[in-house]
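Trainee: My structure is stored as protein.cif, with mmCIF, C-alpha atoms and all ligand atoms.
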```cif
data_coords
loop_
_atom_site.group_PDB
_atom_site.id
_atom_site.type_symbol
_atom_site.label_atom_id
_atom_site.label_comp_id
_atom_site.auth_asym_id
_atom_site.auth_seq_id
_atom_site.Cartn_x
_atom_site.Cartn_y
_atom_site.Cartn_z
ATOM 1 C CA MET A 11 5.889 5.370 24.069
ATOM 2 C CA SER A 12 2.482 6.435 22.731
ATOM 3 C CA ASP A 13 -0.405 3.955 22.404
ATOM 4 C CA SER A 14 -0.008 3.907 18.648
ATOM 5 C CA GLN A 15 3.734 3.225 18.928
ATOM 6 C CA ALA A 16 3.030 0.338 21.333
ATOM 7 C CA LEU A 17 0.445 -1.176 18.974
ATOM 8 C CA PHE A 18 2.779 -0.749 16.048
ATOM 9 C CA SER A 19 5.730 -2.392 17.851
ATOM 10 C CA GLN A 20 3.553 -5.335 18.832
ATOM 11 C CA PHE A 21 2.404 -5.673 15.214
ATOM 12 C CA ILE A 22 6.043 -5.792 14.020
ATOM 13 C CA LYS A 23 6.814 -8.482 16.636
ATOM 14 C CA ASP A 24 3.805 -10.533 15.522
ATOM 15 C CA VAL A 25 4.874 -10.229 11.866
ATOM 16 C CA HIS A 26 8.384 -11.379 12.776
ATOM 17 C CA ALA A 27 6.911 -14.499 14.380
ATOM 18 C CA VAL A 28 4.900 -15.280 11.225
ATOM 19 C CA TRP A 29 7.807 -14.626 8.868
ATOM 20 C CA ALA A 30 10.171 -16.752 10.989
ATOM 21 C CA ALA A 31 7.753 -19.668 10.730
ATOM 22 C CA GLU A 32 7.016 -19.346 7.008
ATOM 23 C CA SER A 33 9.473 -18.978 4.118
ATOM 24 C CA ASP A 34 7.077 -18.648 1.153
ATOM 25 C CA MET A 35 6.415 -14.950 0.517
ATOM 26 C CA GLY A 36 2.804 -15.410 -0.605
ATOM 27 C CA ARG A 37 2.020 -17.415 2.540
ATOM 28 C CA ARG A 38 3.825 -14.876 4.698
ATOM 29 C CA MET A 39 1.670 -12.101 3.265
ATOM 30 C CA GLU A 40 -1.560 -14.126 3.572
ATOM 31 C CA ARG A 41 -0.739 -14.774 7.221
ATOM 32 C CA THR A 42 0.223 -11.122 7.794
ATOM 33 C CA LYS A 43 -3.150 -9.953 6.434
ATOM 34 C CA PRO A 44 -5.252 -10.663 9.593
ATOM 35 C CA LEU A 45 -2.603 -8.971 11.760
ATOM 36 C CA PHE A 46 -2.698 -5.934 9.471
ATOM 37 C CA GLU A 47 -6.518 -5.932 9.523
ATOM 38 C CA ALA A 48 -6.417 -5.828 13.314
ATOM 39 C CA LEU A 49 -3.920 -2.938 13.218
ATOM 40 C CA VAL A 50 -5.922 -0.737 10.829
ATOM 41 C CA ALA A 51 -9.121 -1.465 12.780
ATOM 42 C CA GLN A 52 -7.583 -0.017 15.977
ATOM 43 C CA PRO A 53 -9.422 3.190 17.009
ATOM 44 C CA VAL A 54 -6.110 4.612 18.306
ATOM 45 C CA MET A 55 -4.498 4.213 14.893
ATOM 46 C CA GLN A 56 -7.549 5.565 13.077
ATOM 47 C CA ALA A 57 -7.774 8.609 15.352
ATOM 48 C CA GLU A 58 -4.089 9.386 15.015
ATOM 49 C CA SER A 59 -4.172 9.164 11.215
ATOM 50 C CA GLN A 60 -6.511 12.164 11.177
ATOM 51 C CA GLY A 61 -3.487 14.337 11.984
ATOM 52 C CA TRP A 62 -1.108 12.924 9.384
ATOM 53 C CA PRO A 63 0.152 15.258 6.639
ATOM 54 C CA SER A 64 -0.982 15.016 3.026
ATOM 55 C CA THR A 65 1.179 12.914 0.710
ATOM 56 C CA GLU A 66 0.080 14.695 -2.462
ATOM 57 C CA GLY A 67 2.840 14.917 -5.058
ATOM 58 C CA HIS A 68 3.605 11.175 -5.247
ATOM 59 C CA LYS A 69 4.848 10.852 -1.674
ATOM 60 C CA ASN A 70 4.482 8.224 1.062
ATOM 61 C CA LEU A 71 5.125 8.513 4.771
ATOM 62 C CA LEU A 72 7.773 5.959 5.747
ATOM 63 C CA LEU A 73 6.911 4.381 9.111
ATOM 64 C CA HIS A 74 9.181 1.337 9.165
ATOM 65 C CA THR A 75 11.867 -0.472 7.175
ATOM 66 C CA ASP A 76 12.460 -3.862 8.728
ATOM 67 C CA GLU A 77 16.105 -4.627 9.393
ATOM 68 C CA THR A 78 15.514 -8.359 9.781
ATOM 69 C CA TYR A 79 13.157 -9.189 6.915
ATOM 70 C CA GLY A 80 13.262 -6.120 4.659
ATOM 71 C CA PHE A 81 9.532 -5.353 4.596
ATOM 72 C CA VAL A 82 8.433 -1.734 4.535
ATOM 73 C CA ILE A 83 5.430 0.031 6.079
ATOM 74 C CA ASN A 84 4.222 3.252 4.455
ATOM 75 C CA ALA A 85 1.198 5.504 4.778
ATOM 76 C CA VAL A 86 -0.604 7.464 2.082
ATOM 77 C CA VAL A 87 -2.926 10.403 2.789
ATOM 78 C CA ARG A 88 -5.196 11.198 -0.152
ATOM 79 C CA THR A 89 -7.232 14.299 -0.832
ATOM 80 C CA PRO A 90 -10.970 13.824 -1.623
ATOM 81 C CA HIS A 91 -11.727 12.504 -5.135
ATOM 82 C CA ARG A 92 -8.059 11.709 -5.714
ATOM 83 C CA LYS A 93 -7.623 10.092 -9.151
ATOM 84 C CA GLY A 94 -5.219 7.186 -8.787
ATOM 85 C CA SER A 95 -3.030 6.077 -11.679
ATOM 86 C CA VAL A 96 -3.041 2.514 -12.989
ATOM 87 C CA HIS A 97 0.106 0.705 -11.862
ATOM 88 C CA ASP A 98 1.693 -2.420 -10.486
ATOM 89 C CA HIS A 99 4.196 -2.976 -7.678
ATOM 90 C CA SER A 100 6.557 -5.126 -9.717
ATOM 91 C CA GLN A 101 7.702 -8.228 -7.797
ATOM 92 C CA ALA A 102 6.493 -7.049 -4.372
ATOM 93 C CA TRP A 103 3.433 -8.263 -2.492
ATOM 94 C CA VAL A 104 1.436 -5.414 -0.939
ATOM 95 C CA LEU A 105 -1.194 -5.204 1.795
ATOM 96 C CA TYR A 106 -3.240 -2.034 1.515
ATOM 97 C CA GLY A 107 -5.322 -1.173 4.612
ATOM 98 C CA LEU A 108 -7.636 1.794 5.093
ATOM 99 C CA LEU A 109 -7.564 3.722 8.378
ATOM 100 C CA GLU A 110 -9.879 6.552 7.393
ATOM 101 C CA GLY A 111 -12.270 7.381 4.540
ATOM 102 C CA HIS A 112 -13.410 5.252 1.628
ATOM 103 C CA GLU A 113 -11.591 4.278 -1.547
ATOM 104 C CA SER A 114 -12.270 1.995 -4.461
ATOM 105 C CA LEU A 115 -9.655 -0.442 -5.652
ATOM 106 C CA GLU A 116 -9.829 -1.099 -9.383
ATOM 107 C CA ARG A 117 -8.302 -4.299 -10.742
ATOM 108 C CA TYR A 118 -7.212 -4.551 -14.361
ATOM 109 C CA ASP A 119 -6.463 -7.491 -16.658
ATOM 110 C CA ARG A 120 -3.798 -7.313 -19.301
ATOM 111 C CA VAL A 121 -5.487 -8.363 -22.540
ATOM 112 C CA ASP A 122 -2.623 -8.207 -25.072
ATOM 113 C CA ASP A 123 0.161 -10.755 -25.587
ATOM 114 C CA ALA A 124 2.715 -8.632 -23.641
ATOM 115 C CA SER A 125 5.167 -8.867 -26.573
ATOM 116 C CA ASP A 126 5.939 -5.122 -26.524
ATOM 117 C CA PRO A 127 7.495 -3.996 -23.202
ATOM 118 C CA THR A 128 6.602 -0.353 -23.921
ATOM 119 C CA LYS A 129 2.869 -0.869 -24.619
ATOM 120 C CA ALA A 130 0.070 -2.662 -22.794
ATOM 121 C CA GLU A 131 -3.628 -3.104 -23.383
ATOM 122 C CA VAL A 132 -5.357 -3.332 -20.005
ATOM 123 C CA LYS A 133 -9.061 -3.667 -19.212
ATOM 124 C CA LEU A 134 -10.947 -2.946 -15.977
ATOM 125 C CA ALA A 135 -11.852 -6.333 -14.471
ATOM 126 C CA TYR A 136 -13.610 -5.430 -11.206
ATOM 127 C CA VAL A 137 -13.800 -2.841 -8.445
ATOM 128 C CA THR A 138 -13.954 -3.346 -4.687
ATOM 129 C CA ASN A 139 -14.971 -0.613 -2.258
ATOM 130 C CA GLY A 140 -13.253 -0.317 1.074
ATOM 131 C CA GLY A 141 -13.609 1.646 4.285
ATOM 132 C CA PRO A 142 -11.772 1.857 7.617
ATOM 133 C CA GLY A 143 -10.458 -1.549 8.694
ATOM 134 C CA ASN A 144 -10.555 -3.104 5.194
ATOM 135 C CA VAL A 145 -7.362 -4.651 3.801
ATOM 136 C CA ASP A 146 -6.568 -5.755 0.238
ATOM 137 C CA LEU A 147 -3.766 -8.140 -0.645
ATOM 138 C CA VAL A 148 -2.211 -7.143 -3.986
ATOM 139 C CA PRO A 149 -0.021 -9.884 -5.524
ATOM 140 C CA PRO A 150 3.149 -9.206 -7.562
ATOM 141 C CA TYR A 151 2.541 -7.589 -10.974
ATOM 142 C CA ALA A 152 -1.233 -7.209 -10.311
ATOM 143 C CA ILE A 153 -2.389 -4.136 -12.262
ATOM 144 C CA HIS A 154 -4.593 -1.839 -10.204
ATOM 145 C CA ALA A 155 -5.518 1.714 -9.177
ATOM 146 C CA GLU A 156 -6.657 3.163 -5.848
ATOM 147 C CA GLN A 157 -9.324 5.853 -6.259
ATOM 148 C CA GLY A 158 -10.146 8.393 -3.563
ATOM 149 C CA GLY A 159 -13.650 8.827 -2.170
ATOM 150 C CA ASP A 160 -15.746 11.865 -1.212
ATOM 151 C CA ALA A 161 -13.554 12.666 1.800
ATOM 152 C CA ARG A 162 -9.878 12.531 2.803
ATOM 153 C CA SER A 163 -8.616 8.977 3.018
ATOM 154 C CA VAL A 164 -5.637 7.435 4.776
ATOM 155 C CA ALA A 165 -4.149 3.993 4.187
ATOM 156 C CA LEU A 166 -1.308 1.984 5.663
ATOM 157 C CA ILE A 167 0.707 0.051 3.091
ATOM 158 C CA PHE A 168 2.723 -3.046 3.947
ATOM 159 C CA ARG A 169 5.251 -3.873 1.201
ATOM 160 C CA SER A 170 7.070 -7.217 1.206
ATOM 161 C CA GLU A 171 10.347 -5.557 0.216
ATOM 162 C CA VAL A 172 11.998 -2.208 -0.516
ATOM 163 C CA LEU A 173 11.290 -1.105 -4.088
ATOM 164 C CA VAL A 174 12.139 2.585 -4.165
ATOM 165 C CA GLY A 175 15.723 3.069 -5.318
ATOM 166 C CA ARG A 176 16.034 -0.629 -6.229
ATOM 167 C CA ILE A 177 13.350 -1.815 -8.616
ATOM 168 C CA LEU A 178 11.217 0.063 -11.111
ATOM 169 C CA GLN A 179 7.442 -0.369 -11.127
ATOM 170 C CA GLN A 180 5.131 -0.037 -14.119
ATOM 171 C CA GLY A 181 2.565 2.679 -14.755
ATOM 172 C CA TYR A 182 -0.098 2.070 -17.436
ATOM 173 C CA ASN A 183 -1.586 4.868 -19.543
ATOM 174 C CA LEU A 184 -5.099 3.738 -20.506
ATOM 175 C CA GLU A 185 -5.374 6.174 -23.434
ATOM 176 C CA THR A 186 -1.974 5.917 -25.119
ATOM 177 C CA LYS A 187 -1.431 2.290 -23.937
ATOM 178 C CA GLU A 188 2.073 3.326 -22.949
ATOM 179 C CA VAL A 189 3.897 1.494 -20.151
ATOM 180 C CA VAL A 190 6.043 3.812 -18.065
ATOM 181 C CA ARG A 191 8.701 2.339 -15.802
ATOM 182 C CA ARG A 192 9.200 4.520 -12.766
ATOM 183 C CA SER A 193 10.465 4.646 -9.239
ATOM 184 C CA GLY A 194 7.925 4.526 -6.423
ATOM 185 C CA PRO A 195 6.783 7.456 -4.263
ATOM 186 C CA THR A 196 9.197 9.768 -2.463
ATOM 187 C CA GLN A 197 9.710 8.401 1.056
ATOM 188 C CA ILE A 198 9.084 10.863 3.906
ATOM 189 C CA PRO A 199 10.410 9.463 7.233
ATOM 190 C CA PHE A 200 7.619 9.655 9.810
ATOM 191 C CA THR A 201 7.387 8.591 13.452
ATOM 192 C CA LEU A 202 4.068 7.417 14.869
ATOM 193 C CA GLY A 203 2.784 9.603 17.670
ATOM 194 C CA GLN A 204 4.495 12.763 16.434
ATOM 195 C CA ALA A 205 1.382 14.378 14.947
ATOM 196 C CA ALA A 206 -0.540 13.810 18.188
ATOM 197 C CA ALA A 207 2.237 15.143 20.410
HETATM 198 FE FE FE B 301 -0.857 0.313 -5.508
#
```
Rewrite the structure from the file as structure tokens, please.
Mentor:
Amino acid sequence: MSDSQALFSQFIKDVHAVWAAESDMGRRMERTKPLFEALVAQPVMQAESQGWPSTEGHKNLLLHTDETYGFVINAVVRTPHRKGSVHDHSQAWVLYGLLEGHESLERYDRVDDASDPTKAEVKLAYVTNGGPGNVDLVPPYAIHAEQGGDARSVALIFRSEVLVGRILQQGYNLETKEVVRRSGPTQIPFTLGQAAA
């Protein structure tokens, strides 16, 4: 087992312990956040992510689907200056942790009365900038966009449940105000340690 695989397995074990002790999903995710911060701060993980393939074309690497609790761990590898679309993750909680590069996370408020399911007026509320080791917790239905920085960036994504193939997520077009319901990124099965081998 490679160092990264060992770290990753230990992380999964630690998450299982937290989730066994806590039934509320928001609390589970809040308590998973420091574990995830420690994982994305690991030099071994950061070094290995330099060899991961691009996920351009609305793809994610799929590192883990948990058989016990149903959470999912993905990775996304963005090209420099990647323009992220405005979206939500439906009912899922998401931890988004940077391994390499810098990104800005834009948060949007919905400012209409939400009476029309096909249209939405959203307004930029605030932006946070993140670098390697930083983790954001994105609650259900929070409207946001991840924007690439000057260089390649890589993030690990911890999703509280499987969405792709089950539940549609919303995309928000800022110009036309259209809401597009869509499936999540194409899942590319990926084993840690394989790029370094
Ligand atoms: Fe997102």
Trainee: Quick one: residues within 7 Å of ligand FE 301 (chain B), with only C-alpha atoms and all ligand atoms, as a ChimeraX atom specification?
Mentor: /A:97-99,154-156
Trainee: Residues at most 12 Å from A:Ala16, counting all atoms listed in the file, excluding those fewer than 2 positions away in the same chain, as a list in words?
Mentor: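 Using all atoms listed in the file, the neighbours found are Met11, Ser12, Asp13, Ser14, Phe18, Ser19, Gln20, Phe21, Ile22, Lys23, Leu49, Gln52, Val54, Met55, Leu202 and Gly203 of chain A.
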Trainee: Between A:Thr89, A:Gln157, A:Gln204, A:Ser163, which is the closest to A:Leu109 once you count all atoms listed in the file?
Mentor: A:Ser163
Trainee: Neighbouring residues of stretch 181-198 of chain A were defined as those with any atom within 12 Å, considering all atoms listed in the file; residues of the same chain fewer than 3 positions away were excluded. Please report them as a PDB file with C-alpha atoms, in the coordinates of the input.
Mentor:
```pdb
ATOM      1  CA  TRP A  62      -1.108  12.924   9.384  1.00  0.00           C
ATOM      2  CA  PRO A  63       0.152  15.258   6.639  1.00  0.00           C
ATOM      3  CA  SER A  64      -0.982  15.016   3.026  1.00  0.00           C
ATOM      4  CA  THR A  65       1.179  12.914   0.710  1.00  0.00           C
ATOM      5  CA  GLU A  66       0.080  14.695  -2.462  1.00  0.00           C
ATOM      6  CA  GLY A  67       2.840  14.917  -5.058  1.00  0.00           C
ATOM      7  CA  HIS A  68       3.605  11.175  -5.247  1.00  0.00           C
ATOM      8  CA  LYS A  69       4.848  10.852  -1.674  1.00  0.00           C
ATOM      9  CA  ASN A  70       4.482   8.224   1.062  1.00  0.00           C
ATOM     10  CA  LEU A  71       5.125   8.513   4.771  1.00  0.00           C
ATOM     11  CA  LEU A  72       7.773   5.959   5.747  1.00  0.00           C
ATOM     12  CA  LEU A  73       6.911   4.381   9.111  1.00  0.00           C
ATOM     13  CA  HIS A  74       9.181   1.337   9.165  1.00  0.00           C
ATOM     14  CA  THR A  75      11.867  -0.472   7.175  1.00  0.00           C
ATOM     15  CA  VAL A  82       8.433  -1.734   4.535  1.00  0.00           C
ATOM     16  CA  ILE A  83       5.430   0.031   6.079  1.00  0.00           C
ATOM     17  CA  ASN A  84       4.222   3.252   4.455  1.00  0.00           C
ATOM     18  CA  ALA A  85       1.198   5.504   4.778  1.00  0.00           C
ATOM     19  CA  VAL A  86      -0.604   7.464   2.082  1.00  0.00           C
ATOM     20  CA  GLY A  94      -5.219   7.186  -8.787  1.00  0.00           C
ATOM     21  CA  SER A  95      -3.030   6.077 -11.679  1.00  0.00           C
ATOM     22  CA  VAL A  96      -3.041   2.514 -12.989  1.00  0.00           C
ATOM     23  CA  HIS A  97       0.106   0.705 -11.862  1.00  0.00           C
ATOM     24  CA  ASP A  98       1.693  -2.420 -10.486  1.00  0.00           C
ATOM     25  CA  HIS A  99       4.196  -2.976  -7.678  1.00  0.00           C
ATOM     26  CA  SER A 100       6.557  -5.126  -9.717  1.00  0.00           C
ATOM     27  CA  ALA A 102       6.493  -7.049  -4.372  1.00  0.00           C
ATOM     28  CA  TYR A 118      -7.212  -4.551 -14.361  1.00  0.00           C
ATOM     29  CA  ASP A 119      -6.463  -7.491 -16.658  1.00  0.00           C
ATOM     30  CA  ARG A 120      -3.798  -7.313 -19.301  1.00  0.00           C
ATOM     31  CA  VAL A 121      -5.487  -8.363 -22.540  1.00  0.00           C
ATOM     32  CA  ASP A 122      -2.623  -8.207 -25.072  1.00  0.00           C
ATOM     33  CA  ALA A 124       2.715  -8.632 -23.641  1.00  0.00           C
ATOM     34  CA  ASP A 126       5.939  -5.122 -26.524  1.00  0.00           C
ATOM     35  CA  PRO A 127       7.495  -3.996 -23.202  1.00  0.00           C
ATOM     36  CA  THR A 128       6.602  -0.353 -23.921  1.00  0.00           C
ATOM     37  CA  LYS A 129       2.869  -0.869 -24.619  1.00  0.00           C
ATOM     38  CA  ALA A 130       0.070  -2.662 -22.794  1.00  0.00           C
ATOM     39  CA  GLU A 131      -3.628  -3.104 -23.383  1.00  0.00           C
ATOM     40  CA  VAL A 132      -5.357  -3.332 -20.005  1.00  0.00           C
ATOM     41  CA  LYS A 133      -9.061  -3.667 -19.212  1.00  0.00           C
ATOM     42  CA  LEU A 134     -10.947  -2.946 -15.977  1.00  0.00           C
ATOM     43  CA  TYR A 151       2.541  -7.589 -10.974  1.00  0.00           C
ATOM     44  CA  ALA A 152      -1.233  -7.209 -10.311  1.00  0.00           C
ATOM     45  CA  ILE A 153      -2.389  -4.136 -12.262  1.00  0.00           C
ATOM     46  CA  HIS A 154      -4.593  -1.839 -10.204  1.00  0.00           C
ATOM     47  CA  ALA A 155      -5.518   1.714  -9.177  1.00  0.00           C
ATOM     48  CA  ARG A 169       5.251  -3.873   1.201  1.00  0.00           C
ATOM     49  CA  VAL A 172      11.998  -2.208  -0.516  1.00  0.00           C
ATOM     50  CA  LEU A 173      11.290  -1.105  -4.088  1.00  0.00           C
ATOM     51  CA  VAL A 174      12.139   2.585  -4.165  1.00  0.00           C
ATOM     52  CA  GLY A 175      15.723   3.069  -5.318  1.00  0.00           C
ATOM     53  CA  ARG A 176      16.034  -0.629  -6.229  1.00  0.00           C
ATOM     54  CA  ILE A 177      13.350  -1.815  -8.616  1.00  0.00           C
ATOM     55  CA  LEU A 178      11.217   0.063 -11.111  1.00  0.00           C
ATOM     56  CA  THR A 201       7.387   8.591  13.452  1.00  0.00           C
TER      57      THR A 201
END
```
Trainee: (2.8, -11.3, 5.1) in this file's frame - what residues fall within 10 Å of it? Use only C-alpha atoms and give the answer as number ranges by chain.
Mentor: A: 25-26, 28-29, 32, 34-46, 81, 103-105, 147, 168-170
Trainee: Work out how far atom CA of A:Gln56 is from atom CA of A:Pro149, in Å to one decimal.
Mentor: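 Interatomic distance here is 25.3 Å.
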Trainee: Using only the atoms of stretch 192-200 of chain A listed in the file, plus 6 Å on each side, state the axis-aligned box centre and edge lengths in Å rounded to one decimal, as lines of an AutoDock Vina configuration file.
Mentor:
```
center_x = 8.6
center_y = 7.7
center_z = -1.5
size_x = 15.7
size_y = 18.3
size_z = 34.6
```
Trainee: So which one's closest to A:Ala51, A:Asp24, A:Glu77, A:Glu116, A:Glu110? Using all atoms listed in the file, please.
Mentor: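 The answer is A:Glu110, which sits nearest to A:Ala51.
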Trainee: Select stretch 11-111 of chain A in the preceding structure and write C-alpha atoms to a file as a PDB file, in the first residue's frame.
Mentor:
```pdb
ATOM      1  CA  MET A  11       0.000   0.000   0.000  1.00  0.00           C
ATOM      2  CA  SER A  12       1.386   3.433  -0.911  1.00  0.00           C
ATOM      3  CA  ASP A  13       1.706   6.216   1.686  1.00  0.00           C
ATOM      4  CA  SER A  14      -1.223   8.049   0.160  1.00  0.00           C
ATOM      5  CA  GLN A  15      -3.390   4.912   0.247  1.00  0.00           C
ATOM      6  CA  ALA A  16      -2.499   4.395   3.928  1.00  0.00           C
ATOM      7  CA  LEU A  17      -3.392   8.000   4.791  1.00  0.00           C
ATOM      8  CA  PHE A  18      -6.602   7.734   2.837  1.00  0.00           C
ATOM      9  CA  SER A  19      -7.647   4.463   4.533  1.00  0.00           C
ATOM     10  CA  GLN A  20      -6.981   5.966   7.948  1.00  0.00           C
ATOM     11  CA  PHE A  21      -9.075   9.007   7.003  1.00  0.00           C
ATOM     12  CA  ILE A  22     -12.001   6.741   6.011  1.00  0.00           C
ATOM     13  CA  LYS A  23     -11.695   4.883   9.346  1.00  0.00           C
ATOM     14  CA  ASP A  24     -11.689   8.174  11.263  1.00  0.00           C
ATOM     15  CA  VAL A  25     -14.771   9.368   9.346  1.00  0.00           C
ATOM     16  CA  HIS A  26     -16.556   6.105  10.145  1.00  0.00           C
ATOM     17  CA  ALA A  27     -15.910   6.695  13.848  1.00  0.00           C
ATOM     18  CA  VAL A  28     -17.381  10.216  13.634  1.00  0.00           C
ATOM     19  CA  TRP A  29     -20.407   9.136  11.606  1.00  0.00           C
ATOM     20  CA  ALA A  30     -21.101   6.208  13.963  1.00  0.00           C
ATOM     21  CA  ALA A  31     -21.177   8.615  16.900  1.00  0.00           C
ATOM     22  CA  GLU A  32     -23.296  11.314  15.249  1.00  0.00           C
ATOM     23  CA  SER A  33     -26.574  10.933  13.342  1.00  0.00           C
ATOM     24  CA  ASP A  34     -27.225  14.548  12.270  1.00  0.00           C
ATOM     25  CA  MET A  35     -25.748  15.084   8.799  1.00  0.00           C
ATOM     26  CA  GLY A  36     -24.739  18.710   9.383  1.00  0.00           C
ATOM     27  CA  ARG A  37     -22.901  17.746  12.580  1.00  0.00           C
ATOM     28  CA  ARG A  38     -21.285  14.789  10.846  1.00  0.00           C
ATOM     29  CA  MET A  39     -19.939  17.087   8.143  1.00  0.00           C
ATOM     30  CA  GLU A  40     -18.782  19.741  10.643  1.00  0.00           C
ATOM     31  CA  ARG A  41     -16.900  17.047  12.543  1.00  0.00           C
ATOM     32  CA  THR A  42     -15.480  15.573   9.319  1.00  0.00           C
ATOM     33  CA  LYS A  43     -14.084  18.981   8.299  1.00  0.00           C
ATOM     34  CA  PRO A  44     -10.955  18.952  10.561  1.00  0.00           C
ATOM     35  CA  LEU A  45     -10.161  15.387   9.450  1.00  0.00           C
ATOM     36  CA  PHE A  46     -10.461  16.473   5.816  1.00  0.00           C
ATOM     37  CA  GLU A  47      -8.301  19.552   6.489  1.00  0.00           C
ATOM     38  CA  ALA A  48      -5.600  17.288   7.893  1.00  0.00           C
ATOM     39  CA  LEU A  49      -5.832  15.023   4.824  1.00  0.00           C
ATOM     40  CA  VAL A  50      -5.499  17.801   2.230  1.00  0.00           C
ATOM     41  CA  ALA A  51      -2.634  19.359   4.213  1.00  0.00           C
ATOM     42  CA  GLN A  52      -0.586  16.133   3.923  1.00  0.00           C
ATOM     43  CA  PRO A  53       2.531  16.719   1.762  1.00  0.00           C
ATOM     44  CA  VAL A  54       2.221  13.139   0.433  1.00  0.00           C
ATOM     45  CA  MET A  55      -1.287  13.823  -0.848  1.00  0.00           C
ATOM     46  CA  GLN A  56      -0.320  17.211  -2.268  1.00  0.00           C
ATOM     47  CA  ALA A  57       2.722  15.788  -4.062  1.00  0.00           C
ATOM     48  CA  GLU A  58       0.762  12.905  -5.527  1.00  0.00           C
ATOM     49  CA  SER A  59      -2.006  15.171  -6.832  1.00  0.00           C
ATOM     50  CA  GLN A  60       0.536  16.798  -9.148  1.00  0.00           C
ATOM     51  CA  GLY A  61       0.353  13.659 -11.300  1.00  0.00           C
ATOM     52  CA  TRP A  62      -3.428  13.353 -11.474  1.00  0.00           C
ATOM     53  CA  PRO A  63      -5.105  13.668 -14.888  1.00  0.00           C
ATOM     54  CA  SER A  64      -7.164  16.684 -15.920  1.00  0.00           C
ATOM     55  CA  THR A  65     -10.911  16.461 -15.322  1.00  0.00           C
ATOM     56  CA  GLU A  66     -11.818  18.994 -18.005  1.00  0.00           C
ATOM     57  CA  GLY A  67     -15.115  18.214 -19.715  1.00  0.00           C
ATOM     58  CA  HIS A  68     -17.259  18.072 -16.551  1.00  0.00           C
ATOM     59  CA  LYS A  69     -15.528  15.046 -15.045  1.00  0.00           C
ATOM     60  CA  ASN A  70     -14.478  14.038 -11.522  1.00  0.00           C
ATOM     61  CA  LEU A  71     -12.058  11.363 -10.411  1.00  0.00           C
ATOM     62  CA  LEU A  72     -13.912   8.902  -8.174  1.00  0.00           C
ATOM     63  CA  LEU A  73     -11.693   7.834  -5.261  1.00  0.00           C
ATOM     64  CA  HIS A  74     -14.204   6.259  -2.887  1.00  0.00           C
ATOM     65  CA  THR A  75     -17.886   5.394  -2.512  1.00  0.00           C
ATOM     66  CA  ASP A  76     -18.537   4.359   1.059  1.00  0.00           C
ATOM     67  CA  GLU A  77     -20.410   1.088   1.390  1.00  0.00           C
ATOM     68  CA  THR A  78     -21.384   1.718   5.008  1.00  0.00           C
ATOM     69  CA  TYR A  79     -22.476   5.360   5.014  1.00  0.00           C
ATOM     70  CA  GLY A  80     -22.850   6.262   1.330  1.00  0.00           C
ATOM     71  CA  PHE A  81     -20.499   9.256   1.253  1.00  0.00           C
ATOM     72  CA  VAL A  82     -18.401   9.825  -1.843  1.00  0.00           C
ATOM     73  CA  ILE A  83     -14.880  11.209  -2.302  1.00  0.00           C
ATOM     74  CA  ASN A  84     -14.009  12.801  -5.644  1.00  0.00           C
ATOM     75  CA  ALA A  85     -11.145  14.853  -7.026  1.00  0.00           C
ATOM     76  CA  VAL A  86     -11.245  17.668  -9.560  1.00  0.00           C
ATOM     77  CA  VAL A  87      -8.204  18.860 -11.527  1.00  0.00           C
ATOM     78  CA  ARG A  88      -8.712  22.313 -13.030  1.00  0.00           C
ATOM     79  CA  THR A  89      -6.756  24.050 -15.746  1.00  0.00           C
ATOM     80  CA  PRO A  90      -5.446  27.591 -14.995  1.00  0.00           C
ATOM     81  CA  HIS A  91      -8.098  30.350 -15.080  1.00  0.00           C
ATOM     82  CA  ARG A  92     -10.887  27.777 -15.223  1.00  0.00           C
ATOM     83  CA  LYS A  93     -14.273  29.551 -15.215  1.00  0.00           C
ATOM     84  CA  GLY A  94     -16.578  27.676 -12.863  1.00  0.00           C
ATOM     85  CA  SER A  95     -20.333  27.661 -13.395  1.00  0.00           C
ATOM     86  CA  VAL A  96     -22.772  28.775 -10.708  1.00  0.00           C
ATOM     87  CA  HIS A  97     -24.479  25.749  -9.167  1.00  0.00           C
ATOM     88  CA  ASP A  98     -25.698  23.981  -6.074  1.00  0.00           C
ATOM     89  CA  HIS A  99     -25.314  20.392  -4.879  1.00  0.00           C
ATOM     90  CA  SER A 100     -28.995  19.851  -4.162  1.00  0.00           C
ATOM     91  CA  GLN A 101     -29.570  18.129  -0.797  1.00  0.00           C
ATOM     92  CA  ALA A 102     -25.947  17.034  -0.284  1.00  0.00           C
ATOM     93  CA  TRP A 103     -23.415  18.568   2.085  1.00  0.00           C
ATOM     94  CA  VAL A 104     -19.988  19.020   0.481  1.00  0.00           C
ATOM     95  CA  LEU A 105     -16.482  19.573   1.834  1.00  0.00           C
ATOM     96  CA  TYR A 106     -14.204  21.083  -0.782  1.00  0.00           C
ATOM     97  CA  GLY A 107     -10.467  20.918   0.036  1.00  0.00           C
ATOM     98  CA  LEU A 108      -7.582  22.230  -2.048  1.00  0.00           C
ATOM     99  CA  LEU A 109      -4.455  20.098  -2.484  1.00  0.00           C
ATOM    100  CA  GLU A 110      -2.676  22.264  -5.030  1.00  0.00           C
ATOM    101  CA  GLY A 111      -3.039  25.761  -6.507  1.00  0.00           C
TER     102      GLY A 111
END
```
